[in-house]
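**Q** This one is my_file.txt, compact mmCIF, C-alpha atoms.
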```
# COMPACT_ATOMS: atom_id res chain seq x y z
CA MET H 202 -17.07 8.23 -17.64
CA THR H 203 -20.28 8.48 -15.63
CA ARG H 204 -23.47 8.55 -17.69
CA ASN H 205 -25.92 11.41 -17.20
CA PHE H 206 -29.56 10.48 -16.75
CA LEU H 207 -32.68 12.60 -16.68
CA VAL H 208 -35.62 11.01 -14.86
CA VAL H 209 -38.95 12.57 -15.80
CA ASP H 210 -42.35 12.19 -14.21
CA PRO H 211 -44.95 12.74 -17.00
CA GLU H 212 -47.07 14.85 -14.65
CA GLU H 213 -44.20 17.21 -13.90
CA GLY H 214 -42.02 17.15 -17.02
CA ILE H 215 -44.42 18.34 -19.73
CA GLU H 216 -41.80 20.62 -21.32
CA VAL H 217 -39.31 17.76 -21.53
CA LEU H 218 -41.86 15.45 -23.14
CA ARG H 219 -42.83 18.19 -25.58
CA GLY H 220 -39.18 18.53 -26.51
CA LEU H 221 -38.95 14.81 -27.30
CA VAL H 222 -42.10 14.33 -29.41
CA SER H 223 -40.64 15.83 -32.60
CA PRO H 224 -38.67 13.52 -34.95
CA ILE H 225 -36.46 16.49 -35.90
CA ARG H 226 -35.60 17.24 -32.28
CA ALA H 227 -34.91 13.56 -31.68
CA ARG H 228 -32.45 13.59 -34.59
CA ILE H 229 -30.75 16.70 -33.20
CA LEU H 230 -30.37 15.11 -29.76
CA LYS H 231 -28.95 11.92 -31.26
CA LEU H 232 -26.49 13.87 -33.39
CA LEU H 233 -25.23 15.88 -30.42
CA HIS H 234 -24.95 12.72 -28.34
CA VAL H 235 -22.84 10.97 -30.98
CA GLU H 236 -20.78 13.86 -32.36
CA GLY H 237 -20.49 16.13 -29.34
CA ALA H 238 -20.96 19.91 -29.27
CA MET H 239 -21.89 21.49 -32.62
CA ASN H 240 -23.00 24.89 -33.86
CA VAL H 241 -26.38 25.45 -35.48
CA ASN H 242 -25.01 25.64 -39.03
CA ASP H 243 -23.15 22.34 -38.67
CA ILE H 244 -26.27 20.67 -37.30
CA ALA H 245 -28.33 21.96 -40.22
CA ARG H 246 -25.72 20.75 -42.71
CA SER H 247 -25.41 17.29 -41.08
CA LEU H 248 -29.18 16.75 -41.02
CA SER H 249 -29.87 18.42 -44.40
CA LEU H 250 -32.32 20.81 -42.78
CA PRO H 251 -32.89 24.56 -43.21
CA GLN H 252 -30.97 26.64 -40.67
CA SER H 253 -34.20 28.32 -39.57
CA THR H 254 -35.82 24.95 -38.80
CA VAL H 255 -32.86 23.87 -36.70
CA SER H 256 -32.80 27.18 -34.81
CA THR H 257 -36.48 26.89 -33.92
CA ASN H 258 -36.10 23.35 -32.63
CA ILE H 259 -32.89 24.16 -30.76
CA GLN H 260 -34.82 26.81 -28.82
CA VAL H 261 -37.46 24.23 -27.83
CA LEU H 262 -34.78 21.79 -26.66
CA GLN H 263 -33.04 24.53 -24.69
CA ASP H 264 -36.30 25.61 -23.01
CA ALA H 265 -36.93 21.97 -22.07
CA GLY H 266 -33.51 21.72 -20.42
CA LEU H 267 -32.39 18.96 -22.76
CA ILE H 268 -29.42 20.84 -24.21
CA ARG H 269 -27.14 23.69 -23.21
CA VAL H 270 -26.45 26.52 -25.68
CA GLU H 271 -23.53 28.92 -25.41
CA THR H 272 -22.66 31.86 -27.61
CA ARG H 273 -19.12 32.15 -28.93
CA LYS H 274 -17.42 34.67 -31.18
CA ALA H 275 -17.00 33.59 -34.78
CA LYS H 276 -15.13 35.12 -37.71
CA LYS H 277 -18.30 36.98 -38.57
CA GLY H 278 -20.49 37.78 -35.58
CA ASN H 279 -21.41 35.09 -33.04
CA GLN H 280 -22.29 31.42 -33.26
CA LYS H 281 -24.42 29.21 -31.00
CA ILE H 282 -22.72 26.04 -29.75
CA CYS H 283 -25.13 23.30 -28.64
CA HIS H 284 -24.19 20.69 -26.00
CA SER H 285 -26.06 17.48 -25.18
CA LEU H 286 -26.78 17.25 -21.43
CA PHE H 287 -28.06 13.70 -20.99
CA ASP H 288 -27.10 10.24 -22.23
CA GLU H 289 -30.52 8.80 -21.44
CA VAL H 290 -33.95 10.22 -20.61
CA LEU H 291 -36.10 7.97 -18.43
CA VAL H 292 -39.86 8.44 -18.07
CA MET H 293 -40.94 7.11 -14.69
CA PHE H 294 -44.15 7.40 -12.71
CA LYS H 295 -43.19 8.50 -9.21
CA GLU H 296 -45.00 7.14 -6.23
CA ASP H 297 -46.95 9.50 -4.05
CA ILE H 298 -44.22 10.42 -1.59
CA ARG H 299 -45.67 11.61 1.68
CA PRO H 300 -43.70 14.07 3.83
CA LEU H 301 -41.97 12.61 6.87
CA LYS H 302 -44.37 12.59 9.80
CA ALA H 303 -43.51 14.21 13.12
CA ASN H 304 -43.38 10.77 14.76
CA ALA H 305 -41.01 9.28 12.17
CA ILE H 306 -37.23 9.12 12.48
CA GLU H 307 -35.05 8.32 9.45
CA VAL H 308 -31.35 7.55 9.21
CA ALA H 309 -29.51 6.85 5.93
CA MET H 310 -26.43 4.60 6.14
CA PRO H 311 -23.90 4.49 3.26
CA ILE H 312 -23.29 0.84 2.36
CA GLY H 313 -19.55 1.13 2.92
CA LEU H 314 -19.90 2.22 6.56
CA TYR H 315 -20.32 -1.25 8.02
CA THR H 316 -18.79 -1.72 11.47
CA SER H 317 -17.98 -5.42 11.13
CA CYS H 318 -17.83 -7.98 8.36
CA GLU H 319 -16.96 -11.55 7.52
CA VAL H 320 -17.13 -12.42 3.84
CA SER H 321 -15.94 -15.07 1.41
CA ALA H 322 -14.80 -14.72 -2.20
CA PRO H 323 -15.81 -13.98 -4.87
CA CYS H 324 -16.25 -10.57 -3.28
CA GLY H 325 -15.49 -6.92 -3.83
CA LEU H 326 -16.36 -3.28 -3.41
CA CYS H 327 -16.43 -0.35 -5.78
CA SER H 328 -17.24 3.33 -5.75
CA VAL H 329 -18.59 5.41 -8.61
CA GLU H 330 -14.94 6.10 -9.57
CA GLY H 331 -13.71 2.51 -9.66
CA ILE H 332 -12.79 -0.70 -7.86
CA ILE H 333 -11.76 -0.38 -4.21
CA GLY H 334 -8.73 -2.48 -3.24
CA LEU H 335 -8.40 -5.97 -4.73
CA LEU H 336 -11.16 -8.13 -6.15
CA ASP H 337 -11.91 -11.47 -4.45
CA VAL H 338 -9.71 -10.62 -1.43
CA PRO H 339 -11.84 -10.54 1.76
CA ASP H 340 -9.25 -8.37 3.58
CA THR H 341 -10.09 -5.57 1.13
CA PHE H 342 -13.33 -5.12 3.09
CA LEU H 343 -11.17 -3.49 5.80
CA ASP H 344 -9.79 -0.87 3.40
CA PRO H 345 -10.56 2.65 4.74
CA ASP H 346 -11.80 3.61 1.26
CA ARG H 347 -14.76 1.28 1.84
CA MET H 348 -16.67 4.33 3.10
CA LYS H 349 -16.89 5.45 -0.55
CA ALA H 350 -18.49 2.17 -1.70
CA GLY H 351 -21.61 2.26 -3.83
CA LEU H 352 -21.67 -1.48 -4.53
CA VAL H 353 -20.71 -4.37 -2.23
CA TRP H 354 -20.82 -8.05 -3.13
CA PHE H 355 -19.76 -11.35 -1.59
CA THR H 356 -20.65 -15.04 -1.71
CA ARG H 357 -21.26 -15.92 1.94
CA GLY H 358 -20.89 -14.12 5.24
CA TYR H 359 -22.24 -10.75 6.31
CA VAL H 360 -21.75 -7.02 6.73
CA GLU H 361 -23.13 -5.30 9.83
CA TYR H 362 -24.11 -1.65 10.30
CA GLN H 363 -24.59 0.23 13.56
CA PHE H 364 -27.44 2.74 13.45
CA PRO H 365 -28.03 5.21 16.30
CA ASN H 366 -31.17 4.44 18.31
CA ASN H 367 -32.49 8.00 18.04
CA ALA H 368 -35.89 6.93 19.36
CA ARG H 369 -34.29 6.00 22.66
CA LEU H 370 -32.46 9.33 22.79
CA ALA H 371 -35.75 11.14 22.17
CA GLN H 372 -37.45 8.95 24.78
CA ARG H 373 -40.04 7.70 22.30
CA ARG H 374 -41.52 4.23 22.04
CA ILE H 375 -40.96 2.50 18.69
CA ASN H 376 -44.13 1.23 17.02
CA SER H 377 -42.45 -0.13 13.88
CA MET H 378 -39.00 -0.29 12.32
CA GLU H 379 -38.22 -0.55 8.61
CA PHE H 380 -35.02 -1.03 6.64
CA SER H 381 -35.08 -0.25 2.91
CA MET H 382 -32.25 -1.45 0.63
CA GLU H 383 -31.56 -2.59 -2.94
CA LEU H 384 -30.45 -6.23 -3.11
CA SER H 385 -29.76 -9.04 -5.57
CA SER H 386 -28.02 -12.40 -5.73
CA GLU H 387 -24.39 -12.67 -6.87
CA VAL H 388 -23.09 -15.01 -9.55
CA PRO H 389 -20.00 -14.74 -11.80
CA GLY H 390 -21.46 -12.82 -14.71
CA THR H 391 -25.21 -12.52 -14.20
CA SER H 392 -28.25 -14.79 -14.15
CA ALA H 393 -31.87 -13.79 -13.59
CA ASP H 394 -32.48 -17.34 -12.29
CA TRP H 395 -30.00 -17.59 -9.42
CA PRO H 396 -31.87 -17.69 -6.11
CA SER H 397 -30.13 -16.63 -2.91
CA ASP H 398 -31.38 -16.65 0.68
CA ILE H 399 -30.51 -13.25 2.14
CA THR H 400 -30.92 -13.12 5.91
CA VAL H 401 -31.37 -9.92 7.91
CA ALA H 402 -30.69 -9.69 11.64
CA VAL H 403 -31.19 -6.88 14.18
CA ASN H 404 -29.11 -6.74 17.36
CA GLY H 405 -28.03 -10.34 16.89
CA LYS H 406 -31.56 -11.68 16.27
CA ASP H 407 -32.49 -13.04 12.82
CA ILE H 408 -35.69 -11.28 11.80
CA GLY H 409 -36.19 -13.12 8.52
CA THR H 410 -34.89 -14.32 5.17
CA TRP H 411 -35.81 -13.07 1.72
CA THR H 412 -34.93 -15.15 -1.34
CA SER H 413 -33.58 -13.03 -4.15
CA PRO H 414 -34.63 -14.52 -7.52
CA GLY H 415 -31.44 -13.66 -9.35
CA ASP H 416 -28.51 -11.44 -10.26
CA PHE H 417 -29.75 -8.88 -12.77
CA GLY H 418 -27.63 -7.81 -15.72
CA ASP H 419 -30.04 -7.66 -18.67
CA LYS H 420 -29.71 -3.88 -18.86
CA ARG H 421 -27.64 -1.19 -17.20
CA GLY H 422 -28.87 0.05 -13.85
CA VAL H 423 -30.37 3.52 -13.93
CA TYR H 424 -27.53 4.91 -11.78
CA THR H 425 -24.79 2.36 -12.48
CA PRO H 426 -21.67 4.12 -13.84
CA ASP H 427 -20.80 3.65 -17.49
CA TRP H 428 -17.39 2.17 -16.68
CA TRP H 429 -18.92 -0.78 -14.78
CA LYS H 430 -18.90 -3.81 -17.05
CA LEU H 431 -22.27 -4.47 -18.66
CA LYS H 432 -21.98 -8.22 -17.95
CA GLY H 433 -21.70 -7.51 -14.22
CA SER H 434 -24.49 -7.01 -11.70
CA GLN H 435 -26.45 -3.94 -12.75
CA TYR H 436 -29.34 -3.50 -10.33
CA GLY H 437 -31.37 -5.23 -7.63
CA LYS H 438 -34.80 -5.26 -6.03
CA LEU H 439 -35.69 -2.52 -3.56
CA LYS H 440 -36.85 -4.42 -0.49
CA ALA H 441 -38.41 -3.06 2.70
CA PHE H 442 -37.97 -5.20 5.84
CA ARG H 443 -40.50 -4.02 8.41
CA VAL H 444 -40.84 -5.16 12.03
CA ASN H 445 -43.86 -4.24 14.14
CA GLY H 446 -45.86 -5.69 17.02
CA THR H 447 -47.08 -8.69 15.05
CA GLY H 448 -43.99 -9.88 13.17
CA THR H 449 -41.56 -9.15 10.36
CA TYR H 450 -42.68 -8.32 6.82
CA VAL H 451 -40.99 -7.85 3.45
CA ASP H 452 -42.94 -5.51 1.20
CA GLY H 453 -46.03 -6.20 3.30
CA MET H 454 -45.73 -10.00 3.25
CA LYS H 455 -45.06 -11.68 6.59
CA ILE H 456 -41.83 -13.70 6.61
CA SER H 457 -41.34 -14.42 10.32
CA PRO H 458 -43.02 -14.08 13.72
CA VAL H 459 -40.16 -11.98 15.13
CA SER H 460 -41.70 -8.78 16.51
CA LEU H 461 -40.47 -5.64 18.24
CA LYS H 462 -40.78 -7.19 21.69
CA ASP H 463 -38.28 -9.88 20.64
CA LEU H 464 -35.68 -7.19 19.85
CA ASP H 465 -35.98 -5.19 23.09
CA LEU H 466 -34.89 -2.01 21.33
CA ASP H 467 -35.62 0.24 24.31
CA THR H 468 -32.56 -1.08 26.15
CA HIS H 469 -30.08 -0.63 23.28
CA HIS H 470 -28.17 2.56 22.49
CA SER H 471 -27.73 1.42 18.89
CA ILE H 472 -29.54 -0.73 16.33
CA ARG H 473 -27.23 -3.22 14.63
CA LEU H 474 -28.34 -4.38 11.20
CA ARG H 475 -26.67 -7.48 9.75
CA ILE H 476 -27.17 -8.49 6.11
CA GLY H 477 -25.74 -11.68 4.71
CA VAL H 478 -25.93 -15.20 3.34
CA LYS H 479 -25.53 -18.02 5.87
CA ASP H 480 -23.26 -21.02 5.32
CA ASP H 481 -26.23 -23.37 5.68
CA ALA H 482 -28.57 -21.38 3.40
CA ARG H 483 -30.74 -23.52 1.18
CA HIS H 484 -29.96 -21.16 -1.70
CA PRO H 485 -26.43 -19.81 -1.05
CA GLY H 486 -26.42 -17.59 -4.13
CA GLY H 487 -24.40 -14.66 -2.81
CA ILE H 488 -25.42 -11.05 -2.42
CA ASN H 489 -25.07 -7.63 -4.03
CA ILE H 490 -25.92 -4.55 -1.99
CA PHE H 491 -26.45 -1.43 -4.11
CA GLY H 492 -26.00 2.06 -2.68
CA ARG H 493 -25.77 5.58 -4.03
CA GLY H 494 -24.40 5.75 -7.56
CA PHE H 495 -25.38 2.16 -8.48
CA GLY H 496 -28.49 0.18 -9.34
CA ASN H 497 -31.97 1.56 -9.96
CA TYR H 498 -32.41 3.45 -6.69
CA ASP H 499 -29.97 6.18 -5.74
CA GLN H 500 -30.16 5.61 -2.01
CA ASP H 501 -28.23 4.35 1.00
CA ILE H 502 -29.61 1.76 3.42
CA LEU H 503 -32.51 3.63 4.97
CA MET H 504 -33.79 2.97 8.49
CA ARG H 505 -37.17 4.39 9.45
CA LEU H 506 -38.58 4.29 12.98
CA ASP H 507 -42.25 5.10 13.53
CA THR H 508 -42.71 6.19 17.12
CA ASP H 509 -45.11 7.67 19.61
CA THR H 510 -44.93 11.46 19.61
```
Using structure tokens, write down the structure that the file contains.
**A**
Amino acid sequence: MTRNFLVVDPEEGIEVLRGLVSPIRARILKLLHVEGAMNVNDIARSLSLPQSTVSTNIQVLQDAGLIRVETRKAKKGNQKICHSLFDEVLVMFKEDIRPLKANAIEVAMPIGLYTSCEVSAPCGLCSVEGIIGLLDVPDTFLDPDRMKAGLVWFTRGYVEYQFPNNARLAQRRINSMEFSMELSSEVPGTSADWPSDITVAVNGKDIGTWTSPGDFGDKRGVYTPDWWKLKGSQYGKLKAFRVNGTGTYVDGMKISPVSLKDLDLDTHHSIRLRIGVKDDARHPGGINIFGRGFGNYDQDILMRLDTDT
């Protein structure tokens, strides 16, 4: 069963935080999480609290959106049934997200919509519902259900995606190009110390290699489904590969001299992104690519083109 998460920014979720600060309300939430739906009288009896105290705190939790309350007919009058809505509440400070500028073009690519691939085992794909095809069988990567994938992993090889070159269609000149994706190494089980050289190429040209430090499984990914084994890969690092007129950068750090002029994007109808681990990599530690429904970032592979207006 998929776990339900609530992500709260402290600046925006004051009511939620207020609902959590009381030890009594924390006990009520824990009880509902463990026991399931309960009426107010049963909650009061289980926690050895006055019914009036429980009712007051239930109202606070309902106002905060932390529980759902429904009224049902009882033998005498009505009763309030309380339901827990979330398995975990995460407090996260959001970054200042600026609106998309008029000269920016974004395309999101689901990780299962690769147009070509060549991978070696161990390998596999899964969606939020379960495993796709057979584990450790490279031919499974041709399964039509791959379009549902939220997690892709393999030891060596690559997957390649074909993005539309919407800047060319709009007759705009590209000033910079960025690909954002969540990545990690891949090892049987997990290991935070398992480096892997992950190489990214655009239109057949290697733009640079980022070395993932490990395969992370110390805690469940924020969006990783509950059915996914806890000893498996849980989340990765969100990396931004950016190419401009001076070179290629990962999270602002230059990794290669390959620039936009080397890619000649103006002559291509599409932008082909290849992600993989080369056979001759110094650290051939495999790769996990996390998409929607897995990892710590609920996103596809995102391409952003900054252009002239």
**Q** Taking only residues of stretch 340-415 of chain H that have an atom at most 8 Å from an atom of stretch 331-334 of chain H, what is each one's shortest atom pair and its distance in Å to one decimal, using all atoms listed in the file, in chain and number order, as a Markdown table?
**A**
```
| residue | atom | partner | partner_atom | distance |
| --- | --- | --- | --- | --- |
| H:Thr341 | CA | H:Gly334 | CA | 5.5 |
| H:Asp344 | CA | H:Gly334 | CA | 6.9 |
| H:Asp346 | CA | H:Ile333 | CA | 6.8 |
| H:Arg347 | CA | H:Ile333 | CA | 7.0 |
| H:Ala350 | CA | H:Ile333 | CA | 7.6 |
```
**Q** Would you export the selected residues with C-alpha atoms as a compact mmCIF listing (two decimals), keeping the file's coordinate frame, please?
**A**
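Wrote result_10.txt, looks like this:
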```txt
# COMPACT_ATOMS: atom_id res chain seq x y z
CA THR H 341 -10.09 -5.57 1.13
CA ASP H 344 -9.79 -0.87 3.40
CA ASP H 346 -11.80 3.61 1.26
CA ARG H 347 -14.76 1.28 1.84
CA ALA H 350 -18.49 2.17 -1.70
```
**Q** Ranking H:Gly486, H:Met378, H:Leu230, H:Gly477 by minimum distance to H:Gly415 and counting only C-alpha atoms, which one comes first?
**A**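 Checking each candidate against H:Gly415, we get H:Gly486 as the closest.
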**Q** Please compute the atom CA of H:Val320-atom CA of H:Leu352 distance, one decimal, in Å.
**A**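 Atom-to-atom, atom CA of H:Val320 and atom CA of H:Leu352 are spaced 14.5 Å apart.
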**Q** Smallest atom-to-atom distance to H:Ser377: which of H:Arg273, H:Arg505, H:Lys406, H:Arg219, using all atoms listed in the file?
**A**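 Among the listed residues, H:Arg505 lies closest to H:Ser377.
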**Q** What lies within 10 Å of H:Leu384 using only C-alpha atoms, ignoring chain neighbours under 4 positions off, as a PyMOL selection string?
**A** chain H and resi 353-354+399+411+413+415-416+436-440+488-492+496
**Q** Neighbourhood query: residues within 7 Å of (-37.6, -4.8, 3.6), file coordinates, counting all atoms listed in the file; return as a PyMOL selection string.
**A** chain H and resi 379-382+440-443+450-452
**Q** For a test of reading the model, state the distance in Å between atom CA of H:Pro414 and atom CA of H:Arg493, rounded to one decimal.
**A** 22.2 Å
**Q** Write out as a VMD selection string the residues lying within 12 Å of H:Ala371, counting all atoms listed in the file and excluding same-chain residues fewer than 4 positions away.
**A** chain H and resid 304 to 306 365 to 367 375 467 470 506 508 to 510
**Q** Which residue, H:Pro323, H:Gly405, H:Gly422, H:Gly313, has the smallest gap to H:Val360 when you use all atoms listed in the file?
**A** H:Gly313
**Q** Hey, can I get the axis-aligned box for stretch 397-407 of chain H? All listed atoms, 5 Å padding on each side, centre and edge lengths in Å to one decimal, as JSON.
**A**
```
{"center_x": -30.3, "center_y": -11.7, "center_z": 7.2, "size_x": 14.5, "size_y": 19.9, "size_z": 30.3}
```
**Q** Hey, which of H:Asp419, H:Glu361, H:Glu216, H:Asp264 ends up closest to H:Gly390? Count all atoms listed in the file.
**A**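 Nearest to H:Gly390: H:Asp419.
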**Q** Please identify all polymer residues lying at most 6 Å from the point (-23.4, -7.3, -12.3) (file coordinates), using all atoms listed in the file, and present the result as a PyMOL selection string.
**A** chain H and resi 391+418+432-435
**Q** Can you write just those residues out, C-alpha atoms, as a PDB file, in the coordinates of the input?
**A**
```pdb
ATOM      1  CA  THR H 391     -25.210 -12.520 -14.200  1.00  0.00           C
ATOM      2  CA  GLY H 418     -27.630  -7.810 -15.720  1.00  0.00           C
ATOM      3  CA  LYS H 432     -21.980  -8.220 -17.950  1.00  0.00           C
ATOM      4  CA  GLY H 433     -21.700  -7.510 -14.220  1.00  0.00           C
ATOM      5  CA  SER H 434     -24.490  -7.010 -11.700  1.00  0.00           C
ATOM      6  CA  GLN H 435     -26.450  -3.940 -12.750  1.00  0.00           C
TER       7      GLN H 435
END
```
